[in-house]
file structure_28.txt (compact mmCIF, C-alpha atoms)
# COMPACT_ATOMS: atom_id res chain seq x y z
CA MET A 15 47.44 31.80 -6.83
CA ILE A 16 43.90 30.54 -7.24
CA ARG A 17 41.71 28.90 -4.69
CA ILE A 18 39.12 26.48 -6.00
CA ILE A 19 35.54 27.64 -5.77
CA SER A 20 33.67 25.36 -3.39
CA ALA A 21 30.12 24.09 -3.84
CA ALA A 22 29.10 26.27 -0.90
CA LEU A 23 30.43 29.38 -2.65
CA LEU A 24 28.49 28.48 -5.77
CA VAL A 25 25.31 28.48 -3.69
CA ILE A 26 26.23 31.82 -2.09
CA ALA A 27 27.08 33.27 -5.50
CA GLY A 28 23.70 32.22 -6.89
CA ALA A 29 21.79 33.72 -4.00
CA LEU A 30 23.72 36.98 -4.03
CA GLY A 31 23.50 37.20 -7.81
CA ALA A 32 19.72 37.10 -7.62
CA ALA A 33 19.64 39.59 -4.75
CA ASN A 34 21.93 42.00 -6.60
CA ALA A 35 20.02 41.88 -9.87
CA GLN A 36 18.45 45.27 -9.14
CA ALA A 37 21.41 46.68 -7.19
CA PRO A 38 22.35 50.36 -7.73
CA LEU A 39 25.06 51.04 -10.29
CA THR A 40 28.50 50.57 -8.76
CA LEU A 41 29.85 53.86 -10.15
CA ASP A 42 26.99 55.77 -8.51
CA GLN A 43 27.73 54.06 -5.19
CA VAL A 44 31.43 54.85 -5.44
CA LYS A 45 30.73 58.50 -6.24
CA SER A 46 28.20 58.79 -3.43
CA ARG A 47 30.65 57.23 -0.97
CA ASN A 48 33.46 59.39 -2.39
CA ILE A 49 35.87 56.49 -2.19
CA LEU A 50 36.63 53.26 -4.05
CA ASN A 51 36.64 50.05 -2.01
CA CYS A 52 39.31 47.86 -3.58
CA GLY A 53 39.81 44.22 -2.57
CA SER A 54 43.55 43.70 -2.20
CA ASN A 55 46.18 41.14 -1.27
CA PRO A 56 47.03 41.34 2.44
CA GLY A 57 50.75 41.37 1.77
CA LEU A 58 52.33 40.36 -1.55
CA ILE A 59 55.37 42.50 -2.31
CA GLY A 60 55.17 44.02 -5.78
CA PHE A 61 51.43 43.49 -6.19
CA GLY A 62 49.61 44.56 -3.04
CA ALA A 63 51.11 45.27 0.37
CA PRO A 64 51.26 48.09 2.93
CA ASP A 65 54.66 49.34 4.07
CA ALA A 66 55.68 50.01 7.68
CA GLN A 67 53.81 53.32 7.59
CA GLY A 68 50.65 51.70 6.21
CA ASN A 69 51.11 53.09 2.68
CA TRP A 70 49.94 50.62 0.05
CA GLY A 71 52.01 49.81 -3.02
CA GLY A 72 52.16 47.30 -5.88
CA LEU A 73 50.99 46.68 -9.44
CA ASP A 74 47.45 45.76 -8.36
CA VAL A 75 47.36 48.71 -5.96
CA GLU A 76 48.26 51.10 -8.78
CA TYR A 77 45.39 49.66 -10.85
CA CYS A 78 43.06 50.57 -7.98
CA ARG A 79 44.55 54.06 -7.83
CA ALA A 80 44.14 54.43 -11.59
CA ILE A 81 40.41 53.68 -11.29
CA ALA A 82 40.10 56.30 -8.55
CA ALA A 83 42.02 58.79 -10.68
CA ALA A 84 39.68 58.19 -13.63
CA ILE A 85 36.60 58.74 -11.45
CA PHE A 86 37.70 61.45 -9.03
CA GLY A 87 40.88 62.89 -10.49
CA ASP A 88 42.42 61.79 -7.17
CA PRO A 89 44.33 58.48 -6.86
CA THR A 90 44.22 58.61 -3.06
CA LYS A 91 40.46 58.07 -2.88
CA VAL A 92 40.86 54.32 -2.40
CA LYS A 93 40.23 52.16 0.63
CA PHE A 94 42.33 49.02 0.38
CA ILE A 95 40.62 46.02 1.94
CA PRO A 96 43.02 43.09 2.49
CA LEU A 97 41.42 39.76 1.63
CA SER A 98 42.60 36.18 2.03
CA ALA A 99 42.30 33.67 -0.79
CA ASN A 100 39.31 32.17 1.04
CA ASP A 101 37.48 35.47 1.50
CA ARG A 102 38.14 37.39 -1.70
CA PHE A 103 35.26 36.20 -3.89
CA ARG A 104 32.72 36.34 -1.07
CA ALA A 105 33.73 39.94 -0.32
CA LEU A 106 33.13 40.93 -3.94
CA LEU A 107 29.81 39.10 -4.21
CA SER A 108 28.53 40.60 -0.96
CA GLY A 109 29.39 44.16 -2.03
CA ASP A 110 32.08 44.70 0.61
CA VAL A 111 34.41 45.71 -2.22
CA ASP A 112 33.64 47.41 -5.54
CA VAL A 113 36.36 45.59 -7.45
CA LEU A 114 38.74 42.74 -6.65
CA ILE A 115 42.31 43.36 -7.83
CA ARG A 116 44.23 40.71 -5.97
CA ASN A 117 46.41 38.48 -8.21
CA SER A 118 43.49 36.16 -8.97
CA THR A 119 43.87 33.58 -11.74
CA TRP A 120 41.38 33.58 -14.61
CA THR A 121 40.18 29.99 -14.92
CA ILE A 122 36.84 28.47 -15.83
CA SER A 123 36.18 27.49 -12.22
CA ASN A 124 36.72 31.09 -11.11
CA ASP A 125 34.87 32.63 -14.05
CA THR A 126 31.66 30.63 -14.15
CA PRO A 127 30.09 30.96 -10.67
CA PRO A 128 27.09 33.33 -10.79
CA GLY A 129 27.99 36.88 -9.89
CA LEU A 130 31.67 36.85 -10.84
CA LEU A 131 33.15 38.40 -13.97
CA PHE A 132 36.84 38.61 -14.92
CA VAL A 133 37.74 41.94 -16.49
CA GLY A 134 40.95 40.93 -18.26
CA VAL A 135 44.62 40.19 -17.57
CA ASN A 136 46.88 42.80 -16.02
CA TYR A 137 49.71 40.30 -15.41
CA TYR A 138 50.49 37.10 -17.32
CA ASP A 139 51.99 34.69 -14.83
CA GLY A 140 52.75 30.99 -14.45
CA GLN A 141 53.46 28.61 -11.61
CA GLY A 142 57.07 28.00 -10.67
CA LEU A 143 59.18 26.42 -7.95
CA MET A 144 61.87 27.68 -5.60
CA VAL A 145 64.63 25.53 -4.09
CA ARG A 146 67.72 25.91 -1.93
CA ARG A 147 70.87 26.42 -3.97
CA LYS A 148 72.64 23.73 -1.94
CA LEU A 149 70.17 21.17 -3.32
CA GLY A 150 72.16 21.39 -6.55
CA VAL A 151 69.27 21.24 -9.01
CA ALA A 152 68.73 23.51 -12.01
CA SER A 153 65.47 22.04 -13.32
CA VAL A 154 62.12 20.90 -12.00
CA LEU A 155 62.81 17.63 -13.79
CA GLN A 156 65.56 16.96 -11.23
CA LEU A 157 63.09 17.03 -8.33
CA SER A 158 61.90 13.41 -8.48
CA GLY A 159 61.22 12.25 -4.93
CA ALA A 160 61.21 15.78 -3.53
CA SER A 161 58.86 17.14 -0.90
CA ILE A 162 57.06 20.30 -2.03
CA CYS A 163 55.40 22.93 0.15
CA ALA A 164 52.11 24.22 -1.31
CA GLN A 165 48.97 25.96 -0.12
CA ARG A 166 46.14 23.53 0.48
CA GLY A 167 42.97 23.69 -1.64
CA THR A 168 44.51 25.63 -4.52
CA THR A 169 45.23 24.84 -8.14
CA THR A 170 48.88 25.08 -7.13
CA GLU A 171 48.47 21.59 -5.71
CA LEU A 172 46.65 20.39 -8.83
CA ASN A 173 49.23 21.84 -11.22
CA ILE A 174 52.05 20.09 -9.35
CA ALA A 175 50.12 16.82 -9.52
CA ASP A 176 49.58 17.23 -13.28
CA PHE A 177 53.19 18.15 -14.03
CA PHE A 178 54.78 15.38 -11.97
CA ARG A 179 52.33 12.79 -13.30
CA VAL A 180 52.93 13.75 -16.93
CA ASN A 181 56.70 13.65 -16.41
CA LYS A 182 56.51 10.41 -14.37
CA LEU A 183 58.22 11.94 -11.34
CA LYS A 184 57.59 11.01 -7.73
CA TYR A 185 56.88 13.75 -5.19
CA GLN A 186 55.29 14.47 -1.82
CA ILE A 187 53.06 17.47 -1.16
CA VAL A 188 53.38 19.16 2.24
CA ALA A 189 50.24 21.31 2.37
CA PHE A 190 49.25 24.22 4.63
CA ASP A 191 46.10 26.30 4.92
CA THR A 192 47.62 29.74 4.26
CA GLY A 193 50.39 31.18 2.14
CA ALA A 194 52.14 32.54 5.24
CA GLU A 195 52.21 29.08 6.83
CA THR A 196 53.50 27.55 3.60
CA ILE A 197 56.49 29.86 3.12
CA LYS A 198 57.32 29.66 6.83
CA ALA A 199 57.43 25.86 6.64
CA TYR A 200 59.69 25.98 3.58
CA ASP A 201 62.02 28.42 5.33
CA ALA A 202 62.17 26.05 8.31
CA GLY A 203 63.33 23.21 6.06
CA ARG A 204 60.17 21.11 6.17
CA CYS A 205 60.24 20.56 2.40
CA ASP A 206 62.73 20.60 -0.48
CA ALA A 207 60.85 23.05 -2.70
CA PHE A 208 58.20 25.76 -2.48
CA THR A 209 55.68 26.38 -5.25
CA THR A 210 53.30 29.19 -6.14
CA ASP A 211 52.92 31.73 -8.97
CA ALA A 212 56.34 32.73 -10.31
CA SER A 213 55.71 36.40 -9.54
CA SER A 214 54.91 35.50 -5.94
CA LEU A 215 58.07 33.39 -5.66
CA TYR A 216 60.25 36.47 -6.12
CA ALA A 217 58.26 38.34 -3.49
CA GLU A 218 58.19 35.44 -1.02
CA ARG A 219 61.92 34.86 -1.46
CA LEU A 220 62.56 38.26 0.10
CA LYS A 221 60.83 37.07 3.29
CA LEU A 222 63.18 34.12 3.83
CA THR A 223 65.85 34.11 6.53
CA ALA A 224 68.62 33.99 3.89
CA PRO A 225 67.11 34.96 0.49
CA ASP A 226 70.36 34.52 -1.43
CA ASP A 227 70.49 30.85 -0.43
CA HIS A 228 67.42 30.17 -2.60
CA MET A 229 66.76 30.25 -6.34
CA VAL A 230 63.67 30.27 -8.55
CA LEU A 231 63.85 27.53 -11.19
CA LEU A 232 63.38 28.61 -14.79
CA GLU A 233 60.52 26.27 -15.76
CA ILE A 234 56.96 27.53 -15.70
CA ILE A 235 54.55 24.61 -15.27
CA SER A 236 51.16 26.30 -15.79
CA LYS A 237 49.32 29.29 -17.21
CA GLU A 238 48.25 31.80 -14.55
CA PRO A 239 46.66 34.87 -16.16
CA LEU A 240 46.03 37.27 -13.28
CA GLY A 241 43.38 39.96 -13.38
CA PRO A 242 40.64 41.90 -11.61
CA LEU A 243 37.03 40.87 -11.14
CA THR A 244 33.77 42.77 -10.87
CA ARG A 245 30.24 41.58 -10.21
CA ASP A 246 28.42 40.51 -13.36
CA ASN A 247 25.29 42.64 -12.82
CA ASP A 248 26.83 45.98 -13.80
CA PRO A 249 28.21 46.08 -17.36
CA GLN A 250 29.06 49.79 -17.20
CA TRP A 251 31.33 49.24 -14.17
CA PHE A 252 32.89 46.17 -15.80
CA LYS A 253 33.74 48.25 -18.89
CA LEU A 254 35.08 51.14 -16.81
CA VAL A 255 37.49 48.86 -14.92
CA ARG A 256 38.55 47.17 -18.18
CA TRP A 257 39.18 50.42 -20.06
CA VAL A 258 41.32 51.82 -17.24
CA HIS A 259 43.80 49.05 -18.02
CA PHE A 260 43.42 49.59 -21.76
CA ALA A 261 44.09 53.32 -21.35
CA MET A 262 47.35 52.62 -19.53
CA LEU A 263 48.45 50.19 -22.26
CA ASN A 264 47.53 52.59 -25.07
CA ALA A 265 49.39 55.38 -23.29
CA GLU A 266 52.56 53.29 -23.14
CA GLU A 267 52.26 52.31 -26.81
CA LEU A 268 51.80 55.96 -27.80
CA GLY A 269 54.67 57.17 -25.61
CA VAL A 270 52.45 59.17 -23.27
CA THR A 271 53.94 59.23 -19.77
CA LYS A 272 53.31 60.81 -16.41
CA ALA A 273 56.10 63.28 -17.15
CA ASN A 274 55.00 64.37 -20.64
CA VAL A 275 51.21 64.04 -20.50
CA ASP A 276 50.63 67.80 -20.21
CA GLN A 277 52.85 68.44 -23.21
CA MET A 278 51.04 65.69 -25.11
CA LEU A 279 47.78 67.63 -24.78
CA LYS A 280 49.12 69.72 -27.66
CA SER A 281 49.87 66.68 -29.83
CA GLU A 282 48.44 66.54 -33.34
CA ASN A 283 48.45 62.73 -33.30
CA PRO A 284 44.74 61.78 -33.50
CA GLU A 285 45.22 58.67 -31.34
CA ILE A 286 46.83 60.70 -28.57
CA ARG A 287 44.15 63.38 -28.84
CA ARG A 288 41.39 60.78 -28.45
CA LEU A 289 43.23 59.14 -25.54
CA LEU A 290 43.63 62.41 -23.63
CA GLY A 291 40.16 63.75 -24.43
CA THR A 292 41.18 66.72 -26.57
CA ASP A 293 39.15 65.12 -29.38
CA GLY A 294 35.89 63.30 -28.79
CA LYS A 295 33.96 62.41 -25.64
CA PHE A 296 34.92 58.78 -25.21
CA GLY A 297 34.67 58.83 -21.42
CA GLU A 298 30.94 59.49 -21.49
CA GLY A 299 30.07 55.90 -22.34
CA LEU A 300 31.87 54.84 -19.17
CA GLY A 301 30.15 57.44 -17.02
CA LEU A 302 33.36 59.50 -16.85
CA THR A 303 34.59 62.90 -18.01
CA ARG A 304 36.27 63.29 -21.40
CA ASP A 305 39.71 63.62 -19.75
CA TRP A 306 39.39 60.34 -17.82
CA ALA A 307 42.52 58.78 -19.36
CA TYR A 308 44.51 62.00 -18.89
CA ARG A 309 43.68 61.78 -15.18
CA ILE A 310 44.99 58.21 -15.01
CA ILE A 311 48.28 59.01 -16.74
CA LYS A 312 48.79 62.29 -14.87
CA HIS A 313 48.38 60.69 -11.45
CA VAL A 314 49.58 57.10 -11.98
CA GLY A 315 51.32 56.81 -15.35
CA ASN A 316 51.15 54.30 -18.17
CA TYR A 317 51.31 50.52 -17.78
CA GLY A 318 55.06 50.30 -18.41
CA GLU A 319 55.78 52.94 -15.78
CA SER A 320 53.60 51.15 -13.27
CA PHE A 321 55.19 47.77 -14.06
CA GLU A 322 58.78 48.95 -13.73
CA ARG A 323 58.02 50.85 -10.52
CA THR A 324 56.30 47.98 -8.73
CA VAL A 325 57.69 44.66 -10.01
CA GLY A 326 60.23 45.56 -12.72
CA SER A 327 63.66 47.14 -12.99
CA ARG A 328 62.96 49.95 -10.51
CA SER A 329 61.52 47.62 -7.86
CA VAL A 330 63.10 45.24 -5.35
CA LEU A 331 61.82 42.31 -7.43
CA LYS A 332 63.48 43.39 -10.70
CA MET A 333 61.39 41.06 -12.85
CA ILE A 334 61.63 41.29 -16.63
CA ARG A 335 58.59 42.25 -18.71
CA GLY A 336 58.54 38.97 -20.64
CA GLN A 337 54.98 38.13 -21.65
CA ASN A 338 53.83 41.37 -20.03
CA ALA A 339 55.61 43.47 -22.62
CA LEU A 340 53.46 45.28 -25.16
CA TRP A 341 52.48 43.32 -28.25
CA THR A 342 54.74 45.65 -30.25
CA ASN A 343 57.70 44.33 -28.23
CA GLY A 344 56.81 40.64 -28.47
CA GLY A 345 54.59 40.47 -25.39
CA LEU A 346 50.92 39.70 -24.80
CA GLN A 347 49.72 43.06 -23.50
CA TYR A 348 47.43 44.54 -26.14
CA ALA A 349 44.63 47.09 -25.94
CA PRO A 350 41.77 47.93 -28.32
CA PRO A 351 41.97 51.47 -29.72
CA ILE A 352 40.15 54.48 -28.33
CA ARG A 353 38.11 55.79 -31.26
call {"tool": "encode", "arguments": {"input": "structure_28.txt", "output": "structure tokens"}}
result
Amino acid sequence: MIRIISAALLVIAGALGAANAQAPLTLDQVKSRNILNCGSNPGLIGFGAPDAQGNWGGLDVEYCRAIAAAIFGDPTKVKFIPLSANDRFRALLSGDVDVLIRNSTWTISNDTPPGLLFVGVNYYDGQGLMVRRKLGVASVLQLSGASICAQRGTTTELNIADFFRVNKLKYQIVAFDTGAETIKAYDAGRCDAFTTDASSLYAERLKLTAPDDHMVLLEIISKEPLGPLTRDNDPQWFKLVRWVHFAMLNAEELGVTKANVDQMLKSENPEIRRLLGTDGKFGEGLGLTRDWAYRIIKHVGNYGESFERTVGSRSVLKMIRGQNALWTNGGLQYAPPIR
């Protein structure tokens, strides 16, 4: 879910961008601190949330751990800093976090303020709607005249407006300031439908009083490419964060897993040898050791392993890969080669 950048934030971004022009390299700061500060979702199951014991888990969380593994060889050297939709970009711009990996949508209004830089897409998403089964609808097109719970000040509201206008359907938005307030209102019956990113719908459904009484409709009404952001004054750090994701994708494509990575060190496949650092010194350009990708796979795994563990078949969400499958399997996930 994306919150619109306000004019005030644009001013803040400009001021901080100028102030940070001569800032120390992020990688040097992270190494000196001996920990990565990762901006995270305060509680979205499957992407970023602490459990009852305070242990963080989720697809975005594992991306943070993969960065730490690449730098330190230790995926636990991460401090997760929960951020609201309102606070996330300010926290990155001010230096409170080194990287923001918090299901943020890559749009022009999020990408163009001074100081912000999207790294790529680690999850291709789209906006959907959830309804009560007893409502008896199977399509968004059957929701003419419905009341819809949405978070105020987000593109979620705008996407609903666009979709219903194009399809000449009447509707009423019931808006709330936070995601928690929005899902609570839907659960209390204050609206007919609830809308947010489709991935979030599956997570939020688990929080409802009677989850099985609700269904996620099949239609996707928008494009919501989700990915991490860095500050735009440190190209080396931007590339490091980007290539961590690429390494996990390349590992999956090459069949290198957490379980077989040590065995794969003996592979004669030149692509695998370059990935794991047995040939070449490709980590040096990122400020890392030659075995940087080996560290990621050894401690976290490849992208497919991470996906299935956090949001896929081995998770409580059990979402299909869909567009997040590798390009070789008809999906959109594709990484440049390491060579």
call {"tool": "residues_around", "arguments": {"input": "structure_28.txt", "residues": "A:Val230", "least_positions_apart": "6", "cutoff": "8 Å", "atoms": "all atoms listed in the file", "output": "number ranges by chain"}}
result
A: 142-145, 212, 215-216
call {"tool": "axis_aligned_box", "arguments": {"input": "structure_28.txt", "around": "stretch 336-339 of chain A", "padding_each_side": "4 Å", "output": "AutoDock Vina command-line options"}}
result
--center_x 56.2 --center_y 40.8 --center_z -21.3 --size_x 12.7 --size_y 13.3 --size_z 10.6
call {"tool": "residues_around", "arguments": {"input": "structure_28.txt", "residues": "A:Leu114", "least_positions_apart": "4", "cutoff": "7 Å", "atoms": "only C-alpha atoms", "output": "PyMOL selection string"}}
result
chain A and resi 52-54+106+242-244
call {"tool": "residues_around", "arguments": {"input": "structure_28.txt", "residues": "A:Ser214", "least_positions_apart": "4", "cutoff": "10 Å", "atoms": "only C-alpha atoms", "output": "list in words"}}
result
Met15, Leu58, Ile59, Gly60, Phe61, Asn117, Asp139, Gly140, Gln141, Gly142, Thr209, Thr210, Glu218, Arg219 and Leu331 of chain A
call {"tool": "closest_residue", "arguments": {"input": "structure_28.txt", "among": "A:Val135, A:Ala224, A:Cys163, A:Val188", "to": "A:Tyr200", "atoms": "all atoms listed in the file"}}
result
A:Cys163
call {"tool": "residues_around", "arguments": {"input": "structure_28.txt", "residues": "A:Arg287", "least_positions_apart": "4", "cutoff": "12 Å", "atoms": "all atoms listed in the file", "output": "CSV table (one decimal) with C-alpha atoms, in the coordinates of the input"}}
result
chain,number,residue,atom,x,y,z
A,264,ASN,CA,47.5,52.6,-25.1
A,265,ALA,CA,49.4,55.4,-23.3
A,268,LEU,CA,51.8,56.0,-27.8
A,270,VAL,CA,52.4,59.2,-23.3
A,275,VAL,CA,51.2,64.0,-20.5
A,276,ASP,CA,50.6,67.8,-20.2
A,277,GLN,CA,52.8,68.4,-23.2
A,278,MET,CA,51.0,65.7,-25.1
A,279,LEU,CA,47.8,67.6,-24.8
A,280,LYS,CA,49.1,69.7,-27.7
A,281,SER,CA,49.9,66.7,-29.8
A,282,GLU,CA,48.4,66.5,-33.3
A,283,ASN,CA,48.4,62.7,-33.3
A,291,GLY,CA,40.2,63.8,-24.4
A,292,THR,CA,41.2,66.7,-26.6
A,293,ASP,CA,39.2,65.1,-29.4
A,294,GLY,CA,35.9,63.3,-28.8
A,295,LYS,CA,34.0,62.4,-25.6
A,296,PHE,CA,34.9,58.8,-25.2
A,304,ARG,CA,36.3,63.3,-21.4
A,305,ASP,CA,39.7,63.6,-19.8
A,307,ALA,CA,42.5,58.8,-19.4
A,308,TYR,CA,44.5,62.0,-18.9
A,352,ILE,CA,40.2,54.5,-28.3
A,353,ARG,CA,38.1,55.8,-31.3
call {"tool": "closest_residue", "arguments": {"input": "structure_28.txt", "among": "A:His228, A:Lys93, A:Arg204, A:Lys221", "to": "A:Leu149", "atoms": "all atoms listed in the file"}}
result
A:His228
call {"tool": "closest_residue", "arguments": {"input": "structure_28.txt", "among": "A:Met262, A:Ala105, A:Ala339, A:Ala189", "to": "A:His313", "atoms": "only C-alpha atoms"}}
result
A:Met262
call {"tool": "residues_around", "arguments": {"input": "structure_28.txt", "residues": "A:Ile197", "least_positions_apart": "2", "cutoff": "8 Å", "atoms": "all atoms listed in the file", "output": "PyMOL selection string"}}
result
chain A and resi 163+193-195+199-201+208+218+222
call {"tool": "write_last_selection", "arguments": {"input": "structure_28.txt", "atoms": "C-alpha atoms", "output": "PDB file, in the frame of the given file"}}
result
ATOM      1  CA  CYS A 163      55.400  22.930   0.150  1.00  0.00           C
ATOM      2  CA  GLY A 193      50.390  31.180   2.140  1.00  0.00           C
ATOM      3  CA  ALA A 194      52.140  32.540   5.240  1.00  0.00           C
ATOM      4  CA  GLU A 195      52.210  29.080   6.830  1.00  0.00           C
ATOM      5  CA  ALA A 199      57.430  25.860   6.640  1.00  0.00           C
ATOM      6  CA  TYR A 200      59.690  25.980   3.580  1.00  0.00           C
ATOM      7  CA  ASP A 201      62.020  28.420   5.330  1.00  0.00           C
ATOM      8  CA  PHE A 208      58.200  25.760  -2.480  1.00  0.00           C
ATOM      9  CA  GLU A 218      58.190  35.440  -1.020  1.00  0.00           C
ATOM     10  CA  LEU A 222      63.180  34.120   3.830  1.00  0.00           C
TER      11      LEU A 222
END
call {"tool": "residues_near_point", "arguments": {"input": "structure_28.txt", "point": "(45.0, 33.1, -12.7)", "cutoff": "9 Å", "atoms": "all atoms listed in the file", "output": "list in words"}}
result
Met15, Ile16, Asn117, Ser118, Thr119, Trp120, Thr121, Asn124, Val135, Tyr138, Asp139, Gly140, Asp211, Lys237, Glu238, Pro239, Leu240 and Gly241 of chain A
call {"tool": "closest_residue", "arguments": {"input": "structure_28.txt", "among": "A:Ser213, A:Gln250, A:Thr90, A:Gln347", "to": "A:Lys332", "atoms": "only C-alpha atoms"}}
result
A:Ser213
call {"tool": "atom_distance", "arguments": {"input": "structure_28.txt", "atom1": "atom CA of A:Glu285", "atom2": "atom CA of A:Val314"}}
result
19.9 Å
call {"tool": "residues_near_point", "arguments": {"input": "structure_28.txt", "point": "(36.5, 46.0, -9.2)", "cutoff": "10 Å", "atoms": "all atoms listed in the file", "output": "number ranges by chain"}}
result
A: 40, 50-53, 77-78, 81, 106, 111-116, 131-133, 242-245, 251-252, 254-256
call {"tool": "closest_residue", "arguments": {"input": "structure_28.txt", "among": "A:Thr170, A:Asp74, A:Val151, A:Leu302", "to": "A:Arg323", "atoms": "only C-alpha atoms"}}
result
A:Asp74
